[in-house]
file target02.csv (CSV, C-alpha atoms and all ligand atoms)
chain,number,residue,atom,x,y,z
A,1,MET,CA,-5.6,27.0,-7.7
A,2,THR,CA,-4.5,24.8,-4.7
A,3,ALA,CA,-2.2,22.0,-5.6
A,4,ALA,CA,-3.2,18.5,-4.8
A,5,PHE,CA,-1.0,16.2,-2.7
A,6,GLN,CA,-0.5,14.0,-5.8
A,7,ASP,CA,0.8,17.0,-7.8
A,8,PHE,CA,4.0,16.7,-5.7
A,9,TYR,CA,4.6,13.1,-6.7
A,10,PRO,CA,7.5,13.0,-9.1
A,11,ASP,CA,6.6,11.9,-12.6
A,12,GLU,CA,8.6,8.6,-12.3
A,13,PHE,CA,6.3,7.6,-9.4
A,14,SER,CA,3.1,8.9,-11.0
A,15,HIS,CA,1.9,5.9,-12.9
A,16,CYS,CA,-0.6,4.7,-10.3
A,17,TYR,CA,-3.9,3.8,-12.0
A,18,GLY,CA,-5.8,5.5,-9.2
A,19,CYS,CA,-3.9,8.7,-8.8
A,20,GLY,CA,-0.9,9.0,-11.1
A,21,SER,CA,-0.8,12.0,-13.4
A,22,GLN,CA,1.3,10.0,-15.9
A,23,ASN,CA,-1.3,7.2,-16.4
A,24,PRO,CA,-3.5,8.4,-19.2
A,25,GLN,CA,-6.1,5.7,-18.5
A,26,GLY,CA,-6.1,6.3,-14.8
A,27,HIS,CA,-8.5,8.0,-12.4
A,28,HIS,CA,-6.2,10.9,-11.4
A,29,LEU,CA,-7.6,11.2,-7.9
A,30,LYS,CA,-6.7,14.5,-6.2
A,31,SER,CA,-6.4,14.9,-2.4
A,32,TYR,CA,-6.4,18.1,-0.4
A,33,TRP,CA,-6.4,19.5,3.1
A,34,ASP,CA,-9.8,20.1,4.7
A,35,GLY,CA,-8.9,21.6,8.1
A,36,GLU,CA,-7.3,18.8,10.1
A,37,GLU,CA,-8.6,16.2,7.7
A,38,THR,CA,-8.0,15.4,4.1
A,39,ILE,CA,-10.6,15.2,1.3
A,40,ALA,CA,-10.9,14.0,-2.3
A,41,ARG,CA,-13.9,14.1,-4.6
A,42,PHE,CA,-14.6,11.7,-7.4
A,43,THR,CA,-17.5,10.7,-9.6
A,44,PRO,CA,-17.0,7.2,-11.1
A,45,ASP,CA,-17.9,6.6,-14.7
A,46,ALA,CA,-20.9,4.4,-15.2
A,47,LYS,CA,-18.7,1.5,-16.4
A,48,TYR,CA,-17.5,1.0,-12.8
A,49,SER,CA,-20.9,-0.5,-11.8
A,50,GLY,CA,-21.5,-3.1,-9.2
A,51,GLY,CA,-24.1,-5.8,-9.4
A,52,VAL,CA,-26.7,-3.3,-10.6
A,53,PRO,CA,-26.0,-0.1,-12.7
A,54,GLU,CA,-27.1,2.1,-9.8
A,55,HIS,CA,-24.2,1.0,-7.5
A,56,VAL,CA,-20.4,1.4,-7.7
A,57,TYR,CA,-18.4,-1.7,-7.5
A,58,GLY,CA,-16.4,-2.4,-4.4
A,59,GLY,CA,-13.0,-2.4,-6.0
A,60,MET,CA,-13.5,1.2,-7.0
A,61,VAL,CA,-14.5,2.1,-3.5
A,62,ALA,CA,-11.3,0.4,-2.2
A,63,SER,CA,-9.2,2.1,-4.8
A,64,LEU,CA,-10.4,5.5,-3.8
A,65,LEU,CA,-9.7,4.8,-0.1
A,66,ASP,CA,-6.3,3.4,-1.1
A,67,CYS,CA,-5.0,6.3,-3.1
A,68,HIS,CA,-6.5,9.0,-0.8
A,69,GLY,CA,-5.1,7.1,2.2
A,70,THR,CA,-1.5,7.0,1.0
A,71,ALA,CA,-1.6,10.7,-0.1
A,72,SER,CA,-3.1,11.6,3.3
A,73,ALA,CA,-0.4,9.7,5.1
A,74,ALA,CA,2.2,11.8,3.3
A,75,ALA,CA,0.4,15.0,4.1
A,76,PHE,CA,-0.1,14.2,7.8
A,77,THR,CA,3.6,13.4,8.0
A,78,TYR,CA,4.7,16.6,6.3
A,79,ARG,CA,2.5,18.5,8.7
A,80,ALA,CA,3.8,16.6,11.8
A,81,LEU,CA,7.4,17.4,10.6
A,82,ASN,CA,6.4,21.1,10.1
A,83,ARG,CA,7.3,20.8,6.5
A,84,GLU,CA,5.6,21.6,3.2
A,85,MET,CA,5.3,19.3,0.2
A,86,GLY,CA,7.8,20.3,-2.5
A,87,ASP,CA,10.1,22.0,0.0
A,88,GLY,CA,13.2,20.4,-1.5
A,89,GLY,CA,13.9,18.3,1.5
A,90,ASP,CA,13.9,14.5,1.7
A,91,PRO,CA,10.7,13.3,0.0
A,92,VAL,CA,8.1,11.7,2.2
A,93,ARG,CA,6.5,8.8,0.3
A,94,PHE,CA,4.1,6.1,1.4
A,95,VAL,CA,2.7,2.9,0.1
A,96,THR,CA,-0.2,0.9,1.5
A,97,ALA,CA,0.8,-2.0,3.8
A,98,SER,CA,-2.7,-2.8,4.9
A,99,LEU,CA,-6.2,-1.6,4.0
A,100,LYS,CA,-9.4,-2.8,5.7
A,101,VAL,CA,-12.6,-1.8,4.1
A,102,ASP,CA,-16.1,-2.0,5.7
A,103,PHE,CA,-18.8,-1.7,3.1
A,104,LEU,CA,-21.7,-0.2,5.1
A,105,LYS,CA,-24.2,0.2,2.3
A,106,PRO,CA,-24.2,0.4,-1.5
A,107,THR,CA,-22.3,3.3,-3.0
A,108,PRO,CA,-24.5,5.2,-5.4
A,109,MET,CA,-23.5,5.7,-9.0
A,110,GLY,CA,-23.9,9.1,-10.8
A,111,VAL,CA,-23.1,11.2,-7.8
A,112,GLU,CA,-19.9,12.8,-6.5
A,113,LEU,CA,-18.3,10.7,-3.8
A,114,VAL,CA,-16.4,12.3,-1.0
A,115,VAL,CA,-13.5,10.6,0.5
A,116,ARG,CA,-12.1,11.7,3.8
A,117,GLY,CA,-9.0,10.9,5.7
A,118,LYS,CA,-8.2,11.4,9.4
A,119,LEU,CA,-4.9,10.8,11.1
A,120,ARG,CA,-5.1,8.2,13.8
A,121,SER,CA,-1.4,7.9,14.7
A,122,ILE,CA,2.1,8.1,13.5
A,123,ASP,CA,4.7,5.7,14.8
A,124,GLY,CA,8.1,6.0,13.0
A,125,ARG,CA,7.5,4.9,9.4
A,126,LYS,CA,4.0,3.6,10.2
A,127,VAL,CA,1.0,5.9,9.8
A,128,TRP,CA,-2.6,4.8,10.5
A,129,VAL,CA,-5.3,6.7,8.6
A,130,ASP,CA,-9.0,6.4,9.2
A,131,LEU,CA,-11.0,6.8,5.9
A,132,SER,CA,-14.6,7.2,4.9
A,133,LEU,CA,-16.4,7.4,1.6
A,134,THR,CA,-19.7,9.3,1.5
A,135,GLY,CA,-22.4,9.3,-1.2
A,136,ASN,CA,-25.5,11.4,-1.4
A,137,ASP,CA,-27.1,9.7,1.6
A,138,GLY,CA,-24.4,9.2,4.2
A,139,ILE,CA,-21.3,7.1,4.7
A,140,CYS,CA,-21.1,4.1,2.3
A,141,ALA,CA,-17.7,2.7,3.4
A,142,LYS,CA,-15.1,3.1,6.0
A,143,GLY,CA,-11.5,2.2,5.8
A,144,GLU,CA,-8.5,1.7,8.1
A,145,MET,CA,-5.1,2.0,6.5
A,146,LEU,CA,-1.6,1.3,7.6
A,147,ALA,CA,0.7,3.2,5.3
A,148,ILE,CA,4.5,2.7,5.5
A,149,ARG,CA,6.9,5.4,4.6
A,150,LEU,CA,9.4,4.3,2.0
A,151,ARG,CA,13.1,4.4,2.9
A,152,THR,CA,14.8,7.2,1.0
B,201,LIG,C1,5.5,-1.1,-3.2
B,201,LIG,C2,6.3,-0.7,-4.3
B,201,LIG,C3,7.4,0.1,-4.0
B,201,LIG,C4,7.8,1.0,-5.2
B,201,LIG,C5,7.0,2.2,-5.2
B,201,LIG,C6,7.9,3.2,-5.4
B,201,LIG,C7,7.7,4.4,-5.1
B,201,LIG,C8,6.4,5.0,-4.7
B,201,LIG,C9,6.7,6.4,-4.5
B,201,LIG,C10,5.9,7.2,-4.0
B,201,LIG,C11,4.6,6.8,-3.7
B,201,LIG,C12,3.9,7.9,-4.1
B,201,LIG,C13,2.6,7.7,-4.4
B,201,LIG,C14,1.9,6.5,-4.1
B,201,LIG,C15,1.1,6.3,-5.3
B,201,LIG,C16,0.2,5.4,-5.2
B,201,LIG,C17,-0.1,4.7,-4.0
B,201,LIG,C18,-1.4,4.0,-4.2
B,201,LIG,C19,-1.5,3.1,-3.0
B,201,LIG,C20,-1.0,1.8,-3.3
B,201,LIG,O1,-1.8,1.0,-3.9
B,201,LIG,S1,0.5,1.3,-2.9
B,201,LIG,C21,0.6,-0.3,-3.6
B,201,LIG,C22,0.2,-1.4,-2.8
B,201,LIG,N1,1.2,-1.6,-1.8
B,201,LIG,C23,2.2,-2.3,-2.0
B,201,LIG,O2,2.5,-2.8,-3.1
B,201,LIG,C24,3.2,-2.5,-0.8
B,201,LIG,C25,4.0,-3.8,-0.9
B,201,LIG,N2,4.7,-4.0,0.3
B,201,LIG,C26,6.0,-3.5,0.5
B,201,LIG,O3,6.6,-2.9,-0.4
B,201,LIG,C27,6.5,-3.6,1.8
B,201,LIG,O4,6.0,-4.6,2.5
B,201,LIG,C28,6.4,-2.3,2.7
B,201,LIG,C29,7.2,-1.1,1.9
B,201,LIG,C30,5.0,-1.9,2.9
B,201,LIG,C31,7.1,-2.5,4.0
B,201,LIG,O5,8.4,-3.1,3.8
B,201,LIG,P1,9.7,-2.5,4.5
B,201,LIG,O6,10.8,-3.5,4.3
B,201,LIG,O7,10.0,-1.1,4.1
B,201,LIG,O8,9.3,-2.4,6.0
B,201,LIG,P2,9.0,-3.5,7.1
B,201,LIG,O9,8.6,-4.8,6.5
B,201,LIG,O10,10.2,-3.6,8.0
B,201,LIG,O11,7.8,-2.9,7.9
B,201,LIG,C32,7.9,-1.7,8.6
B,201,LIG,C33,6.9,-1.8,9.8
B,201,LIG,O12,5.6,-2.0,9.3
B,201,LIG,C34,5.0,-3.2,9.7
B,201,LIG,N3,4.2,-3.8,8.7
B,201,LIG,C35,4.5,-3.9,7.4
B,201,LIG,N4,3.5,-4.5,6.7
B,201,LIG,C36,2.5,-4.6,7.6
B,201,LIG,C37,1.2,-5.1,7.5
B,201,LIG,N5,0.7,-5.5,6.3
B,201,LIG,N6,0.4,-5.1,8.6
B,201,LIG,C38,0.9,-4.7,9.8
B,201,LIG,N7,2.2,-4.2,9.9
B,201,LIG,C39,2.9,-4.2,8.8
B,201,LIG,C40,6.2,-4.1,10.1
B,201,LIG,O13,5.9,-5.0,11.1
B,201,LIG,C41,7.2,-3.0,10.6
B,201,LIG,O14,6.8,-2.7,11.9
B,201,LIG,P3,7.9,-2.4,13.1
B,201,LIG,O15,8.8,-1.3,12.6
B,201,LIG,O16,7.1,-2.1,14.3
B,201,LIG,O17,8.7,-3.7,13.2
call {"tool": "encode", "arguments": {"input": "target02.csv", "output": "structure tokens"}}
result
Amino acid sequence: MTAAFQDFYPDEFSHCYGCGSQNPQGHHLKSYWDGEETIARFTPDAKYSGGVPEHVYGGMVASLLDCHGTASAAAFTYRALNREMGDGGDPVRFVTASLKVDFLKPTPMGVELVVRGKLRSIDGRKVWVDLSLTGNDGICAKGEMLAIRLRT
């Protein structure tokens, strides 16, 4: 089975509520390559409802974009450096500096959501990632992330 980007986070940095393997209460989001883009799939539990039970609340949408975006920034950088995650070299780790979310329409509850990441540009430690979240009827939210590579 293909490893997710988050599977390469060391345990001590894997406590993120959205994507950390060491957080038993967390969502454990997993991100993968999909050609030149990245992809993650997630079906929120019914308790993450918005104003009505049929819709997912905006914080969950932002959280999915956030965690998928930072993982994608790392993946895009490894690929740009012609490296593989877990290659034993200097780790490439990112945190979110800025995340803009446009909520285009309500995000449906009870269906698998698909989060996609596309590299816009890399400039030194700064990586811009374009994000989208799709429900069963098209794109519900778009995101623009600036991720910053942590100094090692
Ligand atoms: C943040 C905690 C650090 C501890 C985490 C430790 C380890 C993490 C390890 C691995 C990560 C692995 C997995 C990630 C897991 C989950 C991630 C989930 C996603 C998140 O949930 S993550 C949490 C939310 N996230 C934060 O909690 C960040 C708080 N923040 C900071 O920790 C600093 O702010 C930082 C590091 C971002 C930058 O600090 P810094 O000192 O390294 O760099 P500096 O300030 O020099 O910025 C360098 C260049 O970025 C430009 N720049 C910076 N910020 C900008 C902004 N907002 N808008 C436009 N441009 C900006 C500057 O203008 C400059 O540009 P230029 O080079 O052109 O001058």
call {"tool": "closest_residue", "arguments": {"input": "target02.csv", "among": "A:Leu104, A:Ala141, A:Leu99, A:Ala147", "to": "Arg116 (chain A)", "atoms": "all atoms listed in the file"}}
result
A:Ala141
call {"tool": "closest_atom_pairs", "arguments": {"input": "target02.csv", "of": "chain A", "to": "ligand LIG 201 (chain B)", "cutoff": "7 Å", "atoms": "all atoms listed in the file", "output": "CSV"}}
result
residue,atom,partner,partner_atom,distance
A:Tyr9,CA,B:LIG201,C12,5.9
A:Phe13,CA,B:LIG201,C9,5.1
A:Ser14,CA,B:LIG201,C15,6.6
A:Cys16,CA,B:LIG201,C16,5.2
A:Gly18,CA,B:LIG201,C18,6.8
A:Cys19,CA,B:LIG201,C16,6.4
A:Gly20,CA,B:LIG201,C15,6.7
A:Asp66,CA,B:LIG201,C19,5.2
A:Cys67,CA,B:LIG201,C18,4.4
A:Thr70,CA,B:LIG201,C19,5.6
A:Ala71,CA,B:LIG201,C13,6.7
A:Arg93,CA,B:LIG201,C10,4.6
A:Phe94,CA,B:LIG201,C11,5.2
A:Val95,CA,B:LIG201,S1,4.0
A:Thr96,CA,B:LIG201,N1,4.4
A:Ala97,CA,B:LIG201,C30,4.3
A:Ser98,CA,B:LIG201,N5,4.6
A:Arg125,CA,B:LIG201,C32,6.7
A:Lys126,CA,B:LIG201,O12,5.9
A:Leu146,CA,B:LIG201,N6,6.8
A:Ile148,CA,B:LIG201,C30,5.3
A:Leu150,CA,B:LIG201,O7,5.8
A:Arg151,CA,B:LIG201,O7,6.4
call {"tool": "closest_residue", "arguments": {"input": "target02.csv", "among": "A:Val115, A:Asp87, A:Gly35, A:Gly110", "to": "Ser63 (chain A)", "atoms": "all atoms listed in the file"}}
result
A:Val115
call {"tool": "atom_distance", "arguments": {"input": "target02.csv", "atom1": "CA of Met109 (chain A)", "atom2": "CA of Glu54 (chain A)"}}
result
5.2 Å
call {"tool": "atom_distance", "arguments": {"input": "target02.csv", "atom1": "CA of Leu29 (chain A)", "atom2": "CA of Glu112 (chain A)"}}
result
12.5 Å
call {"tool": "residues_near_point", "arguments": {"input": "target02.csv", "point": "(-10.0, 8.1, 7.2)", "cutoff": "6 Å", "atoms": "all atoms listed in the file", "output": "PyMOL selection string"}}
result
chain A and resi 116-118+129-132
call {"tool": "atom_distance", "arguments": {"input": "target02.csv", "atom1": "CA of Gly58 (chain A)", "atom2": "CA of Asn23 (chain A)"}}
result
21.5 Å
call {"tool": "residues_near_point", "arguments": {"input": "target02.csv", "point": "(-13.1, 1.4, 4.7)", "cutoff": "7 Å", "atoms": "only C-alpha atoms", "output": "mmCIF file with C-alpha atoms, keeping the file's coordinate frame"}}
result
data_model
loop_
_atom_site.group_PDB
_atom_site.id
_atom_site.type_symbol
_atom_site.label_atom_id
_atom_site.label_comp_id
_atom_site.auth_asym_id
_atom_site.auth_seq_id
_atom_site.Cartn_x
_atom_site.Cartn_y
_atom_site.Cartn_z
ATOM 1 C CA LEU A 65 -9.700 4.800 -0.100
ATOM 2 C CA LYS A 100 -9.400 -2.800 5.700
ATOM 3 C CA VAL A 101 -12.600 -1.800 4.100
ATOM 4 C CA ASP A 102 -16.100 -2.000 5.700
ATOM 5 C CA PHE A 103 -18.800 -1.700 3.100
ATOM 6 C CA LEU A 131 -11.000 6.800 5.900
ATOM 7 C CA SER A 132 -14.600 7.200 4.900
ATOM 8 C CA ALA A 141 -17.700 2.700 3.400
ATOM 9 C CA LYS A 142 -15.100 3.100 6.000
ATOM 10 C CA GLY A 143 -11.500 2.200 5.800
ATOM 11 C CA GLU A 144 -8.500 1.700 8.100
#
call {"tool": "residues_around", "arguments": {"input": "target02.csv", "residues": "Val56 (chain A)", "least_positions_apart": "4", "cutoff": "7 Å", "atoms": "all atoms listed in the file", "output": "ChimeraX atom specification"}}
result
/A:48-50,60,107-109
call {"tool": "closest_residue", "arguments": {"input": "target02.csv", "among": "A:His15, A:Pro106, A:Phe8, A:Met1", "to": "Gly88 (chain A)", "atoms": "only C-alpha atoms"}}
result
A:Phe8
call {"tool": "closest_residue", "arguments": {"input": "target02.csv", "among": "A:Arg41, A:Lys105, A:His28, A:Arg149", "to": "Thr77 (chain A)", "atoms": "only C-alpha atoms"}}
result
A:Arg149
call {"tool": "closest_residue", "arguments": {"input": "target02.csv", "among": "A:Gly59, A:Pro91, A:Gly86, A:Gly135", "to": "Val111 (chain A)", "atoms": "only C-alpha atoms"}}
result
A:Gly135
call {"tool": "closest_residue", "arguments": {"input": "target02.csv", "among": "A:Val61, A:Ala46, A:Ala75, A:Val92", "to": "Trp33 (chain A)", "atoms": "only C-alpha atoms"}}
result
A:Ala75
call {"tool": "decode", "arguments": {"input": "target02.csv", "residues": "region 16-138 of chain A", "atoms": "C-alpha atoms", "output": "CSV table (one decimal), in the first residue's frame"}}
result
chain,number,residue,atom,x,y,z
A,16,CYS,CA,-1.7,17.6,14.7
A,17,TYR,CA,-5.4,17.3,15.3
A,18,GLY,CA,-6.0,17.2,11.5
A,19,CYS,CA,-3.3,14.8,10.3
A,20,GLY,CA,-1.1,13.6,13.1
A,21,SER,CA,-0.8,9.8,13.5
A,22,GLN,CA,-0.1,10.3,17.2
A,23,ASN,CA,-3.3,12.1,18.0
A,24,PRO,CA,-5.9,9.5,19.0
A,25,GLN,CA,-8.7,12.0,18.7
A,26,GLY,CA,-7.6,13.5,15.4
A,27,HIS,CA,-8.8,13.1,11.8
A,28,HIS,CA,-5.6,11.4,10.5
A,29,LEU,CA,-5.9,13.0,7.1
A,30,LYS,CA,-3.7,11.2,4.5
A,31,SER,CA,-2.4,12.9,1.4
A,32,TYR,CA,-1.0,11.3,-1.8
A,33,TRP,CA,0.3,12.1,-5.2
A,34,ASP,CA,-2.2,12.1,-8.1
A,35,GLY,CA,0.0,12.8,-11.1
A,36,GLU,CA,1.3,16.4,-10.8
A,37,GLU,CA,-1.3,17.2,-8.1
A,38,THR,CA,-1.9,15.9,-4.6
A,39,ILE,CA,-5.1,14.3,-3.3
A,40,ALA,CA,-6.7,13.5,0.1
A,41,ARG,CA,-10.1,11.9,0.7
A,42,PHE,CA,-12.1,12.4,3.9
A,43,THR,CA,-15.7,11.8,5.1
A,44,PRO,CA,-16.4,14.0,8.1
A,45,ASP,CA,-18.4,12.5,11.0
A,46,ALA,CA,-22.0,13.8,11.3
A,47,LYS,CA,-20.9,15.8,14.5
A,48,TYR,CA,-19.0,18.2,12.3
A,49,SER,CA,-22.2,19.8,11.0
A,50,GLY,CA,-22.7,23.4,10.0
A,51,GLY,CA,-25.9,25.4,10.4
A,52,VAL,CA,-27.9,22.4,9.2
A,53,PRO,CA,-27.1,18.7,9.6
A,54,GLU,CA,-26.7,18.3,5.8
A,55,HIS,CA,-23.7,20.6,5.7
A,56,VAL,CA,-20.1,20.4,7.0
A,57,TYR,CA,-19.0,23.3,9.1
A,58,GLY,CA,-16.4,25.7,7.7
A,59,GLY,CA,-13.7,25.0,10.2
A,60,MET,CA,-13.6,21.4,9.1
A,61,VAL,CA,-13.3,22.5,5.5
A,62,ALA,CA,-10.4,24.9,6.4
A,63,SER,CA,-8.8,22.2,8.5
A,64,LEU,CA,-8.7,19.7,5.5
A,65,LEU,CA,-7.3,22.4,3.2
A,66,ASP,CA,-4.7,23.3,5.9
A,67,CYS,CA,-3.3,19.8,6.6
A,68,HIS,CA,-3.4,18.8,2.9
A,69,GLY,CA,-1.7,22.0,1.9
A,70,THR,CA,1.3,21.7,4.2
A,71,ALA,CA,1.7,18.0,3.3
A,72,SER,CA,1.5,19.0,-0.4
A,73,ALA,CA,4.1,21.8,0.1
A,74,ALA,CA,6.5,19.2,1.5
A,75,ALA,CA,5.8,16.8,-1.4
A,76,PHE,CA,6.2,19.4,-4.1
A,77,THR,CA,9.5,20.5,-2.6
A,78,TYR,CA,10.8,17.0,-2.3
A,79,ARG,CA,9.9,16.5,-6.0
A,80,ALA,CA,11.5,19.8,-7.0
A,81,LEU,CA,14.7,18.8,-5.2
A,82,ASN,CA,14.6,15.4,-6.9
A,83,ARG,CA,14.3,13.7,-3.6
A,84,GLU,CA,12.1,11.1,-1.9
A,85,MET,CA,10.4,11.4,1.4
A,86,GLY,CA,12.2,9.3,4.0
A,87,ASP,CA,15.5,9.4,2.0
A,88,GLY,CA,17.5,10.1,5.2
A,89,GLY,CA,18.5,13.6,4.1
A,90,ASP,CA,17.6,16.8,5.8
A,91,PRO,CA,13.8,16.7,6.5
A,92,VAL,CA,11.6,19.1,4.6
A,93,ARG,CA,8.9,20.3,6.9
A,94,PHE,CA,6.3,23.0,6.4
A,95,VAL,CA,3.8,25.0,8.5
A,96,THR,CA,1.0,27.2,7.3
A,97,ALA,CA,1.8,30.9,7.3
A,98,SER,CA,-1.3,32.0,5.4
A,99,LEU,CA,-4.5,30.2,4.3
A,100,LYS,CA,-7.3,32.0,2.4
A,101,VAL,CA,-10.5,30.0,2.0
A,102,ASP,CA,-13.3,30.8,-0.4
A,103,PHE,CA,-16.5,29.0,0.5
A,104,LEU,CA,-18.2,28.6,-2.9
A,105,LYS,CA,-21.2,26.6,-1.8
A,106,PRO,CA,-22.3,24.4,1.1
A,107,THR,CA,-20.2,21.3,1.7
A,108,PRO,CA,-22.4,18.2,1.8
A,109,MET,CA,-22.3,15.9,4.8
A,110,GLY,CA,-22.3,12.1,4.4
A,111,VAL,CA,-20.2,12.0,1.3
A,112,GLU,CA,-16.5,11.5,0.7
A,113,LEU,CA,-14.8,14.9,0.2
A,114,VAL,CA,-11.9,15.1,-2.2
A,115,VAL,CA,-9.1,17.7,-1.4
A,116,ARG,CA,-6.7,18.6,-4.2
A,117,GLY,CA,-3.5,20.5,-4.1
A,118,LYS,CA,-1.7,22.1,-7.0
A,119,LEU,CA,1.7,23.8,-6.9
A,120,ARG,CA,1.6,27.4,-7.8
A,121,SER,CA,5.3,28.3,-7.0
A,122,ILE,CA,8.3,27.7,-4.9
A,123,ASP,CA,10.5,30.7,-3.8
A,124,GLY,CA,13.1,29.7,-1.4
A,125,ARG,CA,11.4,28.6,1.9
A,126,LYS,CA,8.0,29.9,0.6
A,127,VAL,CA,5.7,27.5,-1.3
A,128,TRP,CA,2.3,28.6,-2.6
A,129,VAL,CA,-0.3,25.9,-3.0
A,130,ASP,CA,-3.7,26.1,-4.7
A,131,LEU,CA,-6.3,23.9,-3.0
A,132,SER,CA,-9.8,22.8,-3.7
A,133,LEU,CA,-12.4,20.7,-1.9
A,134,THR,CA,-15.0,18.8,-3.9
A,135,GLY,CA,-18.2,17.2,-2.7
A,136,ASN,CA,-20.6,15.1,-4.7
A,137,ASP,CA,-21.7,18.1,-6.8
A,138,GLY,CA,-18.6,20.1,-7.7
